[in-house]
$ cat target-v2.txt   # compact mmCIF, C-alpha atoms
# COMPACT_ATOMS: atom_id res chain seq x y z
CA MET A 18 54.34 98.04 103.95
CA VAL A 19 56.23 99.35 100.92
CA LYS A 20 58.31 101.57 103.17
CA LEU A 21 59.10 98.60 105.37
CA GLN A 22 60.26 96.58 102.35
CA LYS A 23 62.51 99.43 101.22
CA CYS A 24 64.00 99.70 104.69
CA THR A 25 64.56 95.95 104.72
CA VAL A 26 66.31 96.10 101.35
CA PHE A 27 68.52 98.98 102.47
CA THR A 28 69.30 97.16 105.72
CA VAL A 29 70.33 94.03 103.83
CA ILE A 30 72.48 96.08 101.44
CA ALA A 31 74.11 97.90 104.36
CA ALA A 32 74.75 94.61 106.13
CA LEU A 33 76.30 93.12 103.00
CA MET A 34 78.50 96.18 102.53
CA LEU A 35 79.72 95.91 106.10
CA LEU A 36 80.40 92.22 105.59
CA ILE A 37 82.34 92.85 102.38
CA LEU A 38 84.31 95.76 103.80
CA GLY A 39 84.91 93.93 107.06
CA SER A 40 86.30 90.86 105.32
CA ALA A 41 88.48 93.04 103.08
CA ALA A 42 89.98 95.07 105.91
CA PRO A 43 92.49 92.46 107.15
CA LYS A 44 93.65 91.81 103.58
CA ALA A 45 94.19 95.53 102.99
CA SER A 46 96.59 95.63 105.94
CA ALA A 47 98.68 92.70 104.73
CA ALA A 48 100.79 92.24 101.61
CA THR A 49 103.13 89.77 99.93
CA GLY A 50 106.13 91.87 100.88
CA PHE A 51 107.39 95.14 102.29
CA TYR A 52 105.64 98.21 100.92
CA VAL A 53 105.73 101.98 101.18
CA ASN A 54 102.60 103.92 102.09
CA GLY A 55 102.30 107.55 103.13
CA GLY A 56 106.05 107.99 103.39
CA LYS A 57 106.51 105.01 105.71
CA LEU A 58 107.77 101.46 105.25
CA TYR A 59 105.52 98.57 106.26
CA ASP A 60 106.26 94.87 106.48
CA SER A 61 104.11 92.18 104.88
CA THR A 62 101.94 91.87 108.00
CA GLY A 63 100.93 95.52 107.72
CA LYS A 64 103.12 96.60 110.62
CA ALA A 65 105.23 99.77 110.34
CA PHE A 66 108.86 98.68 110.10
CA VAL A 67 111.73 100.83 111.36
CA MET A 68 115.15 99.41 110.56
CA ARG A 69 117.58 99.04 113.43
CA GLY A 70 120.78 97.27 112.50
CA VAL A 71 124.22 97.28 110.98
CA ASN A 72 126.12 96.88 107.74
CA HIS A 73 128.19 93.76 107.13
CA GLY A 74 130.98 93.71 104.53
CA HIS A 75 130.13 90.22 103.35
CA SER A 76 131.69 90.38 99.89
CA TRP A 77 135.14 91.00 101.42
CA PHE A 78 134.71 88.37 104.14
CA LYS A 79 132.69 85.66 102.41
CA ASN A 80 133.84 82.91 104.76
CA ASP A 81 132.57 84.69 107.89
CA LEU A 82 128.85 84.63 107.06
CA ASN A 83 127.83 81.88 109.50
CA THR A 84 129.78 83.53 112.31
CA ALA A 85 128.95 87.19 111.71
CA ILE A 86 125.19 86.96 111.08
CA PRO A 87 124.30 85.17 114.36
CA ALA A 88 126.57 87.61 116.24
CA ILE A 89 124.77 90.57 114.66
CA ALA A 90 121.41 89.00 115.50
CA LYS A 91 122.43 88.77 119.17
CA THR A 92 122.56 92.57 119.32
CA GLY A 93 118.81 92.59 118.74
CA ALA A 94 119.16 94.02 115.21
CA ASN A 95 116.08 93.60 113.03
CA THR A 96 117.97 94.30 109.79
CA VAL A 97 121.41 93.67 108.32
CA ARG A 98 122.65 95.44 105.20
CA ILE A 99 124.85 93.08 103.20
CA VAL A 100 127.66 94.18 100.89
CA LEU A 101 127.52 92.21 97.63
CA SER A 102 129.59 92.42 94.46
CA ASN A 103 128.53 92.05 90.84
CA GLY A 104 132.12 91.13 89.93
CA VAL A 105 133.11 94.46 88.39
CA GLN A 106 135.39 95.59 91.22
CA TYR A 107 135.24 92.78 93.79
CA THR A 108 134.68 89.01 93.68
CA LYS A 109 131.17 88.30 92.48
CA ASP A 110 128.49 86.91 94.77
CA ASP A 111 126.61 84.45 92.59
CA LEU A 112 122.99 83.30 92.68
CA ASN A 113 123.53 80.36 95.02
CA SER A 114 125.61 82.38 97.47
CA VAL A 115 122.91 85.07 97.60
CA LYS A 116 120.25 82.44 98.22
CA ASN A 117 122.37 81.12 101.08
CA ILE A 118 122.87 84.62 102.54
CA ILE A 119 119.11 85.18 102.54
CA ASN A 120 118.53 81.82 104.25
CA VAL A 121 121.10 82.55 106.97
CA VAL A 122 119.76 86.05 107.64
CA SER A 123 116.16 84.73 107.73
CA ALA A 124 117.13 81.92 110.09
CA ASN A 125 118.41 84.61 112.43
CA LYS A 126 115.12 86.53 112.20
CA MET A 127 116.45 89.62 110.48
CA ILE A 128 115.57 91.42 107.26
CA ALA A 129 118.26 91.38 104.56
CA VAL A 130 119.02 94.64 102.78
CA LEU A 131 121.22 93.64 99.84
CA GLU A 132 123.42 96.20 98.07
CA VAL A 133 125.87 96.15 95.15
CA HIS A 134 129.07 97.91 96.19
CA ASP A 135 130.92 98.06 92.87
CA ALA A 136 129.25 101.28 91.69
CA THR A 137 130.33 103.26 94.78
CA GLY A 138 131.13 106.89 93.98
CA LYS A 139 130.86 106.41 90.23
CA ASP A 140 128.95 108.84 88.01
CA ASP A 141 128.52 106.85 84.79
CA TYR A 142 125.17 105.25 84.08
CA ASN A 143 126.88 102.04 82.92
CA SER A 144 127.98 101.38 86.51
CA LEU A 145 124.40 101.70 87.75
CA ASP A 146 123.11 99.63 84.86
CA ALA A 147 125.63 96.90 85.67
CA ALA A 148 124.18 96.76 89.19
CA VAL A 149 120.66 96.53 87.73
CA ASN A 150 121.74 93.73 85.40
CA TYR A 151 123.25 91.90 88.37
CA TRP A 152 119.94 92.01 90.25
CA ILE A 153 118.13 90.73 87.19
CA SER A 154 120.65 87.89 86.81
CA ILE A 155 119.98 86.73 90.41
CA LYS A 156 116.29 87.59 90.52
CA GLU A 157 115.46 83.95 91.28
CA ALA A 158 116.84 84.64 94.78
CA LEU A 159 114.69 87.76 95.20
CA ILE A 160 111.31 86.80 93.77
CA GLY A 161 109.12 85.25 96.45
CA LYS A 162 111.27 86.77 99.20
CA GLU A 163 109.68 90.23 99.12
CA ASP A 164 108.70 89.85 102.78
CA ARG A 165 112.32 89.50 103.93
CA VAL A 166 114.62 90.96 101.26
CA ILE A 167 114.98 94.63 100.31
CA VAL A 168 117.13 95.66 97.33
CA ASN A 169 119.47 98.65 97.77
CA ILE A 170 120.10 99.10 94.05
CA ALA A 171 123.68 100.46 94.16
CA ASN A 172 125.78 101.69 97.05
CA GLU A 173 126.49 105.43 96.78
CA TRP A 174 126.13 105.57 93.02
CA TYR A 175 126.73 109.09 91.75
CA GLY A 176 129.61 110.60 93.68
CA THR A 177 129.13 114.12 92.35
CA TRP A 178 126.74 116.44 94.17
CA ASN A 179 124.37 116.64 91.22
CA GLY A 180 120.76 115.74 91.91
CA SER A 181 119.46 116.02 88.36
CA ALA A 182 121.87 113.53 86.79
CA TRP A 183 121.47 111.20 89.78
CA ALA A 184 117.71 111.22 89.32
CA ASP A 185 117.97 110.62 85.57
CA GLY A 186 119.94 107.45 86.24
CA TYR A 187 117.46 106.02 88.71
CA LYS A 188 114.49 106.93 86.51
CA LYS A 189 115.92 104.43 84.02
CA ALA A 190 117.17 101.86 86.53
CA ILE A 191 113.97 101.41 88.53
CA PRO A 192 111.62 100.67 85.60
CA LYS A 193 114.14 98.16 84.26
CA LEU A 194 114.08 96.26 87.56
CA ARG A 195 110.28 96.33 87.69
CA ASN A 196 109.94 95.20 84.09
CA ALA A 197 112.15 92.22 84.94
CA GLY A 198 109.66 91.13 87.60
CA ILE A 199 111.55 92.31 90.68
CA ASN A 200 108.89 93.60 93.09
CA ASN A 201 110.95 93.92 96.27
CA THR A 202 111.07 97.26 98.05
CA LEU A 203 113.93 99.26 96.54
CA ILE A 204 116.37 101.60 98.28
CA VAL A 205 118.05 104.50 96.48
CA ASP A 206 121.12 106.14 98.06
CA ALA A 207 121.47 109.91 97.83
CA ALA A 208 123.94 111.46 95.39
CA GLY A 209 127.32 112.74 96.61
CA TRP A 210 128.50 109.36 97.94
CA GLY A 211 125.19 109.18 99.82
CA GLN A 212 125.87 112.47 101.62
CA TYR A 213 123.92 114.91 99.43
CA PRO A 214 120.33 114.74 100.79
CA GLN A 215 119.32 117.74 98.67
CA SER A 216 119.30 115.38 95.70
CA ILE A 217 116.40 113.52 97.35
CA VAL A 218 114.66 116.73 98.39
CA ASP A 219 114.81 118.16 94.86
CA TYR A 220 114.25 115.04 92.77
CA GLY A 221 113.14 112.20 95.07
CA GLN A 222 109.46 112.57 94.24
CA SER A 223 110.17 112.19 90.52
CA VAL A 224 112.35 109.13 91.17
CA PHE A 225 109.59 107.65 93.33
CA ALA A 226 107.07 108.31 90.55
CA ALA A 227 109.23 106.28 88.14
CA ASP A 228 108.53 103.18 90.27
CA THR A 229 105.34 101.53 89.00
CA GLN A 230 105.08 99.76 92.37
CA LYS A 231 105.49 103.05 94.31
CA ASN A 232 107.72 101.01 96.62
CA THR A 233 110.99 102.92 96.90
CA VAL A 234 112.77 104.12 100.04
CA PHE A 235 115.51 106.77 100.03
CA SER A 236 118.75 106.57 101.98
CA ILE A 237 121.15 109.16 103.36
CA HIS A 238 124.62 108.08 104.46
CA MET A 239 125.46 110.25 107.44
CA TYR A 240 129.13 110.94 107.84
CA GLU A 241 131.02 114.22 108.25
CA TYR A 242 128.80 116.21 105.88
CA ALA A 243 125.26 114.86 106.18
CA GLY A 244 125.59 113.93 109.86
CA LYS A 245 128.11 116.39 111.29
CA ASP A 246 125.94 117.76 114.12
CA ALA A 247 122.46 117.51 115.62
CA ALA A 248 121.04 120.47 113.67
CA THR A 249 122.27 119.03 110.36
CA VAL A 250 120.96 115.55 111.18
CA LYS A 251 117.52 116.88 112.12
CA ALA A 252 117.27 119.20 109.09
CA ASN A 253 118.35 116.47 106.67
CA MET A 254 115.81 113.99 108.01
CA GLU A 255 112.98 116.51 108.07
CA SER A 256 113.66 117.88 104.60
CA VAL A 257 113.15 114.42 103.08
CA LEU A 258 110.23 113.42 105.29
CA ASN A 259 108.49 116.70 104.49
CA LYS A 260 108.45 115.61 100.84
CA GLY A 261 106.33 112.60 101.82
CA LEU A 262 109.15 110.15 101.08
CA ALA A 263 110.22 107.11 103.09
CA LEU A 264 113.72 107.52 104.56
CA ILE A 265 116.44 105.47 106.18
CA ILE A 266 119.99 106.29 107.24
CA GLY A 267 121.69 103.50 105.33
CA GLU A 268 125.12 104.13 106.83
CA PHE A 269 126.60 106.22 109.62
CA GLY A 270 129.67 106.27 111.80
CA GLY A 271 130.87 108.16 114.85
CA TYR A 272 133.62 109.88 112.90
CA HIS A 273 134.79 109.98 109.32
CA THR A 274 137.73 111.11 107.22
CA ASN A 275 137.06 114.84 107.40
CA GLY A 276 135.36 115.25 110.75
CA ASP A 277 133.06 114.22 113.55
CA VAL A 278 129.63 112.60 113.14
CA ASP A 279 126.85 113.00 115.72
CA GLU A 280 125.83 109.36 116.04
CA TYR A 281 123.75 110.13 119.13
CA ALA A 282 121.61 112.62 117.20
CA ILE A 283 121.16 110.13 114.36
CA MET A 284 119.84 107.49 116.76
CA LYS A 285 117.74 109.94 118.81
CA TYR A 286 116.04 111.66 115.87
CA GLY A 287 115.75 108.31 114.11
CA GLN A 288 113.65 107.11 117.03
CA GLU A 289 111.61 110.30 117.32
CA LYS A 290 110.83 110.44 113.60
CA GLY A 291 110.49 106.73 112.87
CA VAL A 292 113.53 106.74 110.57
CA GLY A 293 115.41 103.46 110.23
CA TRP A 294 119.19 103.34 110.50
CA LEU A 295 122.03 100.91 109.82
CA ALA A 296 125.44 101.61 111.35
CA TRP A 297 128.62 101.06 109.33
CA SER A 298 130.00 98.45 109.85
CA TRP A 299 130.27 95.24 111.85
CA TYR A 300 134.04 94.77 111.47
CA GLY A 301 136.89 94.73 108.96
CA ASN A 302 137.33 98.39 108.03
CA SER A 303 140.79 99.36 106.78
CA SER A 304 143.37 100.49 109.34
CA ASP A 305 142.73 104.19 108.63
CA LEU A 306 138.98 103.70 109.16
CA ASN A 307 138.96 101.09 111.93
CA TYR A 308 137.17 103.53 114.24
CA LEU A 309 134.09 102.53 112.22
CA ASP A 310 134.29 98.91 113.43
CA LEU A 311 131.36 97.98 115.67
CA ALA A 312 133.01 94.73 116.75
CA THR A 313 136.57 93.42 116.93
CA GLY A 314 135.82 90.55 114.54
CA PRO A 315 132.96 88.51 113.05
CA ASN A 316 132.05 87.26 116.52
CA GLY A 317 134.16 89.72 118.48
CA SER A 318 133.42 91.98 121.41
CA LEU A 319 131.83 95.37 120.83
CA THR A 320 134.08 98.38 120.33
CA SER A 321 133.30 101.74 121.96
CA PHE A 322 131.33 102.75 118.85
CA GLY A 323 129.62 99.37 118.79
CA ASN A 324 128.62 99.69 122.42
CA THR A 325 127.01 103.06 121.68
CA VAL A 326 125.07 101.73 118.68
CA VAL A 327 123.89 98.61 120.50
CA ASN A 328 123.43 99.72 124.10
CA ASP A 329 122.72 103.47 124.06
CA THR A 330 119.30 104.72 125.20
CA TYR A 331 118.34 105.05 121.53
CA GLY A 332 120.42 102.09 120.38
CA ILE A 333 119.49 98.75 118.88
CA LYS A 334 118.65 96.90 122.09
CA ASN A 335 116.20 99.55 123.28
CA THR A 336 114.51 100.44 119.99
CA SER A 337 114.66 97.46 117.61
CA LYS A 338 111.43 95.60 116.81
CA LYS A 339 111.46 92.48 114.66
CA ALA A 340 109.49 92.29 111.42
CA GLY A 341 106.01 90.82 111.74
CA ILE A 342 106.94 87.61 109.89
CA TYR A 343 109.16 86.70 112.85
$ encode --input "target-v2.txt" --output "structure tokens"
Amino acid sequence: MVKLQKCTVFTVIAALMLLILGSAAPKASAATGFYVNGGKLYDSTGKAFVMRGVNHGHSWFKNDLNTAIPAIAKTGANTVRIVLSNGVQYTKDDLNSVKNIINVVSANKMIAVLEVHDATGKDDYNSLDAAVNYWISIKEALIGKEDRVIVNIANEWYGTWNGSAWADGYKKAIPKLRNAGINNTLIVDAAGWGQYPQSIVDYGQSVFAADTQKNTVFSIHMYEYAGKDAATVKANMESVLNKGLALIIGEFGGYHTNGDVDEYAIMKYGQEKGVGWLAWSWYGNSSDLNYLDLATGPNGSLTSFGNTVVNDTYGIKNTSKKAGIY
């Protein structure tokens, strides 16, 4: 009889444990926003999220938003990376305009990756800090939108191929953003104008550790150095992934100033390895870089490069999956 009572007690305890664990399981797979776990990015529904999309130079073409975003959405893109300005080099995108951008992108069922472009190629910490201060000044637009907005802290900050100094900057920038209450997933571009992946390999883990939320993704911009051929593309992706870090290719073209880029390899390995990518850029590149245009205008027809990015076997139409919230 005593044995039976003990068994009954244990059975009840076991049943309660199963009930508790069972009810907790769905909650464990969902979150208030995007999050990084095990070197992968997940959306707020607990679904692995692999970016497939393009960059849009919004800050230079502010009046084209309502034309360009629906046109980008029609490609099947699940993400659009938006160029913003903090007013240092270009015309500032203020709080209300950023709120509107987020609303338009959300209405078109895409995730908004927002980036500050004014710090591009600069090495001084003040430029990075100015980007951080900008995010803090518009944090009202970001807080509560963690399930649809990702913050790319500063486009291509740190032009020099110096991983240590690059890391030192971000180890100060990330805690400042977190202390201000910004909990969105963060993206950090590699040093060397985004084309020095070794900076992430050598120092990415320490930068990631500086994030109290452990919610940072790293980005390589693949042009003529980081993306010059299939072997380079594969090695650069693997070297970061092997460090247990989440990776995207935040920009890439089919050619760049000093040579060819293997866009096919970027898309192919991106699919094989679950690495997100965002092609540069929808339209509006300067005359000497117009081969980077994906479309002929905000709602224009696709260029040859655009057709590859959208319609290739490993392109947007065949590989893009919308975030779980949509």
$ residues_near_point --input "target-v2.txt" --point "(114.2, 109.9, 104.8)" --cutoff "7 Å" --atoms "all atoms listed in the file" --output "list in words"
Phe235, Ser236, Met254, Val257, Leu258, Leu262, Ala263, Leu264, Ile265 and Val292 of chain A
$ write_last_selection --input "target-v2.txt" --atoms "C-alpha atoms" --output "short mmCIF file (atom, residue, chain, number, x, y, z; two decimals), in the frame of the given file"
data_model
loop_
_atom_site.label_atom_id
_atom_site.label_comp_id
_atom_site.auth_asym_id
_atom_site.auth_seq_id
_atom_site.Cartn_x
_atom_site.Cartn_y
_atom_site.Cartn_z
CA PHE A 235 115.51 106.77 100.03
CA SER A 236 118.75 106.57 101.98
CA MET A 254 115.81 113.99 108.01
CA VAL A 257 113.15 114.42 103.08
CA LEU A 258 110.23 113.42 105.29
CA LEU A 262 109.15 110.15 101.08
CA ALA A 263 110.22 107.11 103.09
CA LEU A 264 113.72 107.52 104.56
CA ILE A 265 116.44 105.47 106.18
CA VAL A 292 113.53 106.74 110.57
#
$ closest_residue --input "target-v2.txt" --among "A:Phe66, A:Tyr142, A:Tyr240, A:Tyr331" --to "A:Gln288" --atoms "all atoms listed in the file"
A:Tyr331
$ closest_atom_pairs --input "target-v2.txt" --of "stretch 131-193 of chain A" --to "stretch 116-120 of chain A" --cutoff "10 Å" --atoms "all atoms listed in the file" --output "Markdown table"
| residue | atom | partner | partner_atom | distance |
| --- | --- | --- | --- | --- |
| A:Leu131 | CA | A:Ile119 | CA | 9.1 |
| A:Ile155 | CA | A:Lys116 | CA | 8.9 |
| A:Glu157 | CA | A:Lys116 | CA | 8.6 |
| A:Ala158 | CA | A:Lys116 | CA | 5.3 |
| A:Leu159 | CA | A:Lys116 | CA | 8.3 |
| A:Lys162 | CA | A:Ile119 | CA | 8.7 |
| A:Arg165 | CA | A:Ile119 | CA | 8.2 |
| A:Val166 | CA | A:Ile119 | CA | 7.4 |
$ residues_around --input "target-v2.txt" --residues "A:Ile283" --least-positions-apart "6" --cutoff "12 Å" --atoms "only C-alpha atoms" --output "MDAnalysis selection string"
chainID A and resid 69 237:240 243:254 265:271 289:296 325:326 329 331:332
$ atom_distance --input "target-v2.txt" --atom1 "atom CA of A:Asn324" --atom2 "atom CA of A:Ala312"
8.7 Å
$ atom_distance --input "target-v2.txt" --atom1 "atom CA of A:Gly56" --atom2 "atom CA of A:Val97"
21.6 Å
$ residues_around --input "target-v2.txt" --residues "A:Ala171" --least-positions-apart "4" --cutoff "7 Å" --atoms "all atoms listed in the file" --output "JSON, numbers by chain"
{"A": [132, 133, 134, 136, 145, 148]}
$ closest_residue --input "target-v2.txt" --among "A:Pro192, A:Gly138, A:Gly209, A:Gly176" --to "A:Ala227" --atoms "all atoms listed in the file"
A:Pro192
